[in-house]
Amino acid sequence: MRTTKDILIEFYTAFSNGDAITMCKNYDVNIQFRDPAFGLLKGNEVCEMWKMLTEKSKGNMKIEFSVIKADEYTGSVRWIATYKFGKNQRTVVNTVLSEFQFKEGLIIKQTDQFDIWKWSKQAFGITGYLLGWTGFFQKKVEKQAVASLKKYSESH
């Protein structure tokens with residue numbers, strides 16, 4: 001039987017290869033995912049998000065990761081994504097801490113944490129610098145991310 005560490009390595013190796021299908025094979029059908037950009041996603045929404053993000057990157061996203069902890073029921077990974085964002089193709093280097101919960105060899109919960117202000121300064125330039133720390137701007141980012149995901153899902 002695979003260990004949680006094996007699952008996390010497979011998940012992030014697939015991510016670094018732009019392989020959302022393999023990533024999603026490690027999720028339970030009732031997966032719950034949360035991060036500062038998308039908020040709470042459930043079930044198929046999570047896989048659709050990864051498919052959208054890997055497709056949009058067109059193979060130009062670099063993922064580096066290290067497993068910090070992995071036991072029978074939980075795990076955590078620190079990972080760094082480097083990619084181009086938005087119309088202006090600004091370079092973003094985002095450091096993320098992911099916390100996982102497992103059940104019967106599958107991921108049932110994933111919570112990603114990162115500094116949304118630091119991210120927004122890179123992604124949106126001066127606007128992100130001035131407003132990225134505000135709740136208003138963060139809600140706007142989440143609303144845009146969810147709308148983008150909905151549009152992607154409807155077209156696929």
# chains A, B, ... in the order shown; residues from 1 in each chain; ligands from 1
call {"tool": "residues_around", "arguments": {"residues": "region 22-25 of chain A", "least_positions_apart": "4", "cutoff": "8 Å", "atoms": "only C-alpha atoms", "output": "list in words"}}
result
Glu10, Phe11, Tyr12, Ala14, Phe15 and Cys47 of chain A
call {"tool": "select_by_dssp", "arguments": {"residues": "chain A", "states": "helix (DSSP H, G or I)", "output": "PyMOL selection string"}}
result
chain A and resi 4-16+20-25+44-57+116-124+126-131+135-155
call {"tool": "closest_residue", "arguments": {"among": "A:Phe38, A:Trp50, A:Trp117, A:Phe100", "to": "Ile21 (chain A)", "atoms": "only C-alpha atoms"}}
result
A:Trp50
call {"tool": "closest_atom_pairs", "arguments": {"of": "region 9-102 of chain A", "to": "region 126-139 of chain A", "cutoff": "10 Å", "atoms": "only C-alpha atoms", "output": "CSV"}}
result
residue,atom,partner,partner_atom,distance
A:Pro36,CA,A:Gln138,CA,7.7
A:Ala37,CA,A:Gln138,CA,7.5
A:Phe38,CA,A:Lys139,CA,9.4
A:Gly39,CA,A:Lys139,CA,9.1
call {"tool": "write_last_selection", "arguments": {"atoms": "N, CA and C atoms", "output": "PDB file, in the first residue's frame"}}
result
ATOM      1  N   PRO A  36      -6.224  31.019  -0.610  1.00  0.00           N
ATOM      2  CA  PRO A  36      -6.589  32.437  -0.604  1.00  0.00           C
ATOM      3  C   PRO A  36      -7.145  32.957  -1.935  1.00  0.00           C
ATOM      4  N   ALA A  37      -6.835  32.305  -3.039  1.00  0.00           N
ATOM      5  CA  ALA A  37      -7.300  32.804  -4.339  1.00  0.00           C
ATOM      6  C   ALA A  37      -8.685  32.274  -4.712  1.00  0.00           C
ATOM      7  N   PHE A  38      -8.934  30.986  -4.505  1.00  0.00           N
ATOM      8  CA  PHE A  38     -10.195  30.377  -4.926  1.00  0.00           C
ATOM      9  C   PHE A  38     -11.196  30.213  -3.792  1.00  0.00           C
ATOM     10  N   GLY A  39     -10.759  30.378  -2.562  1.00  0.00           N
ATOM     11  CA  GLY A  39     -11.660  30.114  -1.442  1.00  0.00           C
ATOM     12  C   GLY A  39     -11.868  28.616  -1.308  1.00  0.00           C
TER      13      GLY A  39
END
call {"tool": "select_by_dssp", "arguments": {"residues": "region 23-152 of chain A", "states": "strand (DSSP E or B)", "output": "PyMOL selection string"}}
result
chain A and resi 27-35+39-42+62-70+74-85+90-103+106-113
call {"tool": "residues_around", "arguments": {"residues": "Asp112 (chain A)", "least_positions_apart": "3", "cutoff": "9 Å", "atoms": "only C-alpha atoms", "output": "list in words"}}
result
Phe33, Arg34, Asp35, Pro36, Val96, Leu97, Ser98, Glu99 and Phe100 of chain A
call {"tool": "write_last_selection", "arguments": {"atoms": "all heavy atoms", "output": "mmCIF file, in the first residue's frame"}}
result
data_model
loop_
_atom_site.group_PDB
_atom_site.id
_atom_site.type_symbol
_atom_site.label_atom_id
_atom_site.label_comp_id
_atom_site.auth_asym_id
_atom_site.auth_seq_id
_atom_site.Cartn_x
_atom_site.Cartn_y
_atom_site.Cartn_z
ATOM 1 N N PHE A 33 -11.022 21.627 -0.879
ATOM 2 C CA PHE A 33 -9.799 22.391 -1.097
ATOM 3 C C PHE A 33 -10.073 23.841 -0.732
ATOM 4 O O PHE A 33 -11.137 24.381 -1.045
ATOM 5 C CB PHE A 33 -9.398 22.299 -2.582
ATOM 6 C CG PHE A 33 -8.258 23.195 -2.964
ATOM 7 C CD1 PHE A 33 -6.944 22.748 -2.911
ATOM 8 C CD2 PHE A 33 -8.492 24.500 -3.393
ATOM 9 C CE1 PHE A 33 -5.899 23.575 -3.266
ATOM 10 C CE2 PHE A 33 -7.455 25.339 -3.748
ATOM 11 C CZ PHE A 33 -6.150 24.873 -3.687
ATOM 12 N N ARG A 34 -9.086 24.466 -0.100
ATOM 13 C CA ARG A 34 -9.213 25.893 0.220
ATOM 14 C C ARG A 34 -7.875 26.568 0.008
ATOM 15 O O ARG A 34 -6.834 26.034 0.369
ATOM 16 C CB ARG A 34 -9.664 26.089 1.658
ATOM 17 C CG ARG A 34 -9.823 27.569 2.031
ATOM 18 C CD ARG A 34 -10.268 27.755 3.459
ATOM 19 N NE ARG A 34 -11.573 27.208 3.752
ATOM 20 C CZ ARG A 34 -12.742 27.827 3.513
ATOM 21 N NH1 ARG A 34 -12.747 29.013 2.967
ATOM 22 N NH2 ARG A 34 -13.873 27.256 3.842
ATOM 23 N N ASP A 35 -7.918 27.769 -0.603
ATOM 24 C CA ASP A 35 -6.729 28.620 -0.687
ATOM 25 C C ASP A 35 -7.163 30.071 -0.758
ATOM 26 O O ASP A 35 -8.356 30.364 -0.916
ATOM 27 C CB ASP A 35 -5.811 28.192 -1.841
ATOM 28 C CG ASP A 35 -6.160 28.772 -3.195
ATOM 29 O OD1 ASP A 35 -7.267 29.308 -3.387
ATOM 30 O OD2 ASP A 35 -5.313 28.697 -4.091
ATOM 31 N N PRO A 36 -6.224 31.019 -0.610
ATOM 32 C CA PRO A 36 -6.589 32.437 -0.604
ATOM 33 C C PRO A 36 -7.145 32.957 -1.935
ATOM 34 O O PRO A 36 -7.860 33.956 -1.936
ATOM 35 C CB PRO A 36 -5.267 33.145 -0.274
ATOM 36 C CG PRO A 36 -4.453 32.116 0.428
ATOM 37 C CD PRO A 36 -4.823 30.820 -0.221
ATOM 38 N N VAL A 96 4.063 28.286 -1.158
ATOM 39 C CA VAL A 96 2.801 27.788 -0.598
ATOM 40 C C VAL A 96 3.088 26.688 0.425
ATOM 41 O O VAL A 96 3.960 25.852 0.219
ATOM 42 C CB VAL A 96 1.909 27.218 -1.730
ATOM 43 C CG1 VAL A 96 0.576 26.726 -1.187
ATOM 44 C CG2 VAL A 96 1.696 28.239 -2.842
ATOM 45 N N LEU A 97 2.313 26.700 1.495
ATOM 46 C CA LEU A 97 2.310 25.596 2.440
ATOM 47 C C LEU A 97 0.976 24.882 2.274
ATOM 48 O O LEU A 97 -0.087 25.489 2.433
ATOM 49 C CB LEU A 97 2.459 26.087 3.888
ATOM 50 C CG LEU A 97 2.345 24.984 4.949
ATOM 51 C CD1 LEU A 97 3.481 23.960 4.814
ATOM 52 C CD2 LEU A 97 2.324 25.588 6.344
ATOM 53 N N SER A 98 1.023 23.603 1.928
ATOM 54 C CA SER A 98 -0.186 22.798 1.764
ATOM 55 C C SER A 98 -0.292 21.808 2.914
ATOM 56 O O SER A 98 0.673 21.100 3.213
ATOM 57 C CB SER A 98 -0.150 22.010 0.451
ATOM 58 O OG SER A 98 -0.232 22.871 -0.646
ATOM 59 N N GLU A 99 -1.461 21.775 3.528
ATOM 60 C CA GLU A 99 -1.770 20.825 4.596
ATOM 61 C C GLU A 99 -2.803 19.841 4.050
ATOM 62 O O GLU A 99 -3.770 20.253 3.398
ATOM 63 C CB GLU A 99 -2.349 21.541 5.812
ATOM 64 C CG GLU A 99 -1.483 22.654 6.337
ATOM 65 C CD GLU A 99 -0.409 22.173 7.293
ATOM 66 O OE1 GLU A 99 -0.421 20.998 7.714
ATOM 67 O OE2 GLU A 99 0.446 22.989 7.620
ATOM 68 N N PHE A 100 -2.603 18.549 4.322
ATOM 69 C CA PHE A 100 -3.458 17.502 3.770
ATOM 70 C C PHE A 100 -4.033 16.628 4.868
ATOM 71 O O PHE A 100 -3.379 16.381 5.881
ATOM 72 C CB PHE A 100 -2.651 16.593 2.834
ATOM 73 C CG PHE A 100 -2.145 17.281 1.607
ATOM 74 C CD1 PHE A 100 -0.923 17.925 1.624
ATOM 75 C CD2 PHE A 100 -2.875 17.272 0.429
ATOM 76 C CE1 PHE A 100 -0.432 18.562 0.494
ATOM 77 C CE2 PHE A 100 -2.397 17.899 -0.700
ATOM 78 C CZ PHE A 100 -1.177 18.551 -0.677
#
call {"tool": "residues_around", "arguments": {"residues": "Asp28 (chain A)", "least_positions_apart": "4", "cutoff": "8 Å", "atoms": "only C-alpha atoms", "output": "JSON, numbers by chain"}}
result
{"A": [43, 106, 107, 108]}
call {"tool": "residues_around", "arguments": {"residues": "region 51-68 of chain A", "least_positions_apart": "6", "cutoff": "10 Å", "atoms": "only C-alpha atoms", "output": "ChimeraX atom specification"}}
result
/A:5-6,8-9,12-21,23-24,45,75-85,92-99,148-149,152-153,156
call {"tool": "write_last_selection", "arguments": {"atoms": "N, CA and C atoms", "output": "compact mmCIF listing (two decimals), in the first residue's frame"}}
result
# COMPACT_ATOMS: atom_id res chain seq x y z
N LYS A 5 3.30 9.80 2.11
CA LYS A 5 4.45 10.46 1.48
C LYS A 5 4.51 10.10 -0.01
N ASP A 6 4.27 8.83 -0.35
CA ASP A 6 4.25 8.41 -1.76
C ASP A 6 3.18 9.19 -2.53
N LEU A 8 1.88 12.15 -1.81
CA LEU A 8 2.27 13.56 -1.96
C LEU A 8 3.35 13.72 -3.03
N ILE A 9 4.30 12.81 -3.06
CA ILE A 9 5.34 12.89 -4.09
C ILE A 9 4.73 12.70 -5.47
N TYR A 12 2.71 15.99 -6.41
CA TYR A 12 3.51 17.16 -6.80
C TYR A 12 4.42 16.90 -7.99
N THR A 13 4.81 15.66 -8.20
CA THR A 13 5.56 15.33 -9.42
C THR A 13 4.64 15.51 -10.63
N ALA A 14 3.40 15.04 -10.49
CA ALA A 14 2.43 15.23 -11.57
C ALA A 14 2.18 16.72 -11.80
N PHE A 15 2.06 17.49 -10.73
CA PHE A 15 1.86 18.94 -10.85
C PHE A 15 3.03 19.56 -11.61
N SER A 16 4.23 19.18 -11.25
CA SER A 16 5.41 19.76 -11.92
C SER A 16 5.48 19.35 -13.39
N ASN A 17 4.81 18.24 -13.74
CA ASN A 17 4.75 17.81 -15.14
C ASN A 17 3.49 18.29 -15.85
N GLY A 18 2.68 19.10 -15.17
CA GLY A 18 1.46 19.62 -15.78
C GLY A 18 0.40 18.54 -15.99
N ASP A 19 0.41 17.50 -15.16
CA ASP A 19 -0.47 16.35 -15.31
C ASP A 19 -1.58 16.39 -14.26
N ALA A 20 -2.62 17.16 -14.54
CA ALA A 20 -3.73 17.31 -13.60
C ALA A 20 -4.50 16.01 -13.41
N ILE A 21 -4.54 15.17 -14.42
CA ILE A 21 -5.29 13.91 -14.31
C ILE A 21 -4.67 13.03 -13.22
N MET A 23 -2.78 14.08 -10.77
CA MET A 23 -3.00 14.78 -9.50
C MET A 23 -4.36 14.38 -8.92
N CYS A 24 -5.38 14.41 -9.77
CA CYS A 24 -6.74 14.19 -9.31
C CYS A 24 -7.01 12.73 -8.93
N GLU A 45 -14.86 20.44 -8.66
CA GLU A 45 -14.33 21.81 -8.83
C GLU A 45 -12.82 21.84 -8.62
N GLY A 75 -0.50 15.25 6.18
CA GLY A 75 0.76 15.56 5.52
C GLY A 75 0.86 17.04 5.27
N SER A 76 2.06 17.51 5.02
CA SER A 76 2.25 18.91 4.63
C SER A 76 3.42 18.99 3.66
N VAL A 77 3.26 19.92 2.73
CA VAL A 77 4.25 20.12 1.68
C VAL A 77 4.47 21.61 1.51
N ARG A 78 5.72 21.99 1.38
CA ARG A 78 6.05 23.37 1.01
C ARG A 78 6.43 23.32 -0.46
N TRP A 79 5.78 24.18 -1.25
CA TRP A 79 6.08 24.19 -2.67
C TRP A 79 6.16 25.60 -3.19
N ILE A 80 6.91 25.75 -4.28
CA ILE A 80 7.11 27.05 -4.91
C ILE A 80 6.71 26.92 -6.37
N ALA A 81 5.79 27.77 -6.78
CA ALA A 81 5.37 27.82 -8.18
C ALA A 81 5.91 29.09 -8.81
N THR A 82 6.54 28.95 -9.96
CA THR A 82 7.02 30.10 -10.72
C THR A 82 6.32 30.06 -12.07
N TYR A 83 5.63 31.15 -12.40
CA TYR A 83 4.84 31.18 -13.63
C TYR A 83 4.55 32.61 -14.06
N LYS A 84 3.99 32.76 -15.25
CA LYS A 84 3.56 34.06 -15.76
C LYS A 84 2.07 34.22 -15.48
N PHE A 85 1.67 35.43 -15.12
CA PHE A 85 0.28 35.67 -14.76
C PHE A 85 -0.32 36.84 -15.53
N VAL A 92 5.46 35.49 -11.44
CA VAL A 92 5.04 35.29 -10.06
C VAL A 92 5.83 34.11 -9.50
N VAL A 93 6.37 34.31 -8.31
CA VAL A 93 7.02 33.23 -7.56
C VAL A 93 6.23 33.12 -6.25
N ASN A 94 5.44 32.06 -6.15
CA ASN A 94 4.54 31.90 -5.02
C ASN A 94 4.97 30.73 -4.15
N THR A 95 5.25 31.01 -2.88
CA THR A 95 5.61 29.98 -1.92
C THR A 95 4.37 29.59 -1.14
N VAL A 96 4.06 28.29 -1.16
CA VAL A 96 2.80 27.79 -0.60
C VAL A 96 3.09 26.69 0.43
N LEU A 97 2.31 26.70 1.49
CA LEU A 97 2.31 25.60 2.44
C LEU A 97 0.98 24.88 2.27
N SER A 98 1.02 23.60 1.93
CA SER A 98 -0.19 22.80 1.76
C SER A 98 -0.29 21.81 2.91
N GLU A 99 -1.46 21.77 3.53
CA GLU A 99 -1.77 20.82 4.60
C GLU A 99 -2.80 19.84 4.05
N SER A 148 -13.49 32.58 -13.43
CA SER A 148 -12.63 31.99 -14.45
C SER A 148 -12.77 30.47 -14.44
N LEU A 149 -12.85 29.88 -13.27
CA LEU A 149 -13.02 28.43 -13.13
C LEU A 149 -14.37 27.99 -13.69
N TYR A 152 -14.23 28.12 -17.45
CA TYR A 152 -13.42 27.00 -17.93
C TYR A 152 -14.23 25.70 -17.88
N SER A 153 -14.88 25.44 -16.75
CA SER A 153 -15.64 24.21 -16.57
C SER A 153 -16.78 24.09 -17.58
N HIS A 156 -15.52 23.00 -21.04
CA HIS A 156 -14.86 21.71 -21.15
C HIS A 156 -15.83 20.62 -20.80
call {"tool": "closest_residue", "arguments": {"among": "A:Arg2, A:Lys121, A:Lys140, A:Lys103", "to": "Ile31 (chain A)", "atoms": "only C-alpha atoms"}}
result
A:Lys103
call {"tool": "closest_residue", "arguments": {"among": "A:Lys87, A:Lys109, A:Lys69, A:Lys151", "to": "Gln32 (chain A)", "atoms": "only C-alpha atoms"}}
result
A:Lys109
call {"tool": "decode", "arguments": {"residues": "region 103-154 of chain A", "atoms": "C-alpha atoms", "output": "CSV table (one decimal), in the first residue's frame"}}
result
chain,number,residue,atom,x,y,z
A,103,LYS,CA,-8.6,8.7,4.3
A,104,GLU,CA,-8.2,5.2,2.9
A,105,GLY,CA,-5.2,6.3,0.8
A,106,LEU,CA,-6.8,9.4,-0.8
A,107,ILE,CA,-6.6,13.1,-0.1
A,108,ILE,CA,-9.9,14.2,1.5
A,109,LYS,CA,-8.9,17.8,2.5
A,110,GLN,CA,-6.2,20.2,1.2
A,111,THR,CA,-5.6,23.7,2.5
A,112,ASP,CA,-3.1,25.9,0.8
A,113,GLN,CA,-1.7,28.9,2.5
A,114,PHE,CA,0.3,31.7,1.0
A,115,ASP,CA,0.8,35.5,1.4
A,116,ILE,CA,-1.9,36.9,-0.8
A,117,TRP,CA,-0.5,40.4,-0.6
A,118,LYS,CA,2.9,39.2,-1.7
A,119,TRP,CA,1.3,37.3,-4.5
A,120,SER,CA,-0.9,40.2,-5.6
A,121,LYS,CA,2.1,42.6,-5.7
A,122,GLN,CA,3.7,40.2,-8.2
A,123,ALA,CA,0.6,39.4,-10.2
A,124,PHE,CA,-0.9,42.9,-10.4
A,125,GLY,CA,2.0,45.3,-9.9
A,126,ILE,CA,1.4,48.6,-8.3
A,127,THR,CA,-2.3,47.9,-7.9
A,128,GLY,CA,-1.5,44.7,-6.0
A,129,TYR,CA,1.0,46.6,-3.9
A,130,LEU,CA,-1.5,49.3,-2.9
A,131,LEU,CA,-4.6,47.2,-2.5
A,132,GLY,CA,-3.5,43.6,-2.3
A,133,TRP,CA,-3.6,43.6,1.5
A,134,THR,CA,-7.2,44.7,1.7
A,135,GLY,CA,-10.2,42.4,2.2
A,136,PHE,CA,-11.9,44.1,-0.7
A,137,PHE,CA,-9.2,43.3,-3.1
A,138,GLN,CA,-8.8,39.8,-1.9
A,139,LYS,CA,-12.5,39.1,-2.3
A,140,LYS,CA,-12.2,40.6,-5.8
A,141,VAL,CA,-9.4,38.2,-6.6
A,142,GLU,CA,-11.4,35.2,-5.3
A,143,LYS,CA,-14.5,36.3,-7.3
A,144,GLN,CA,-12.4,36.5,-10.5
A,145,ALA,CA,-10.7,33.2,-9.9
A,146,VAL,CA,-14.1,31.4,-9.3
A,147,ALA,CA,-15.6,33.1,-12.4
A,148,SER,CA,-12.6,32.0,-14.4
A,149,LEU,CA,-13.0,28.4,-13.1
A,150,LYS,CA,-16.7,28.4,-13.9
A,151,LYS,CA,-16.1,29.6,-17.4
A,152,TYR,CA,-13.4,27.0,-17.9
A,153,SER,CA,-15.6,24.2,-16.6
A,154,GLU,CA,-18.6,25.2,-18.8
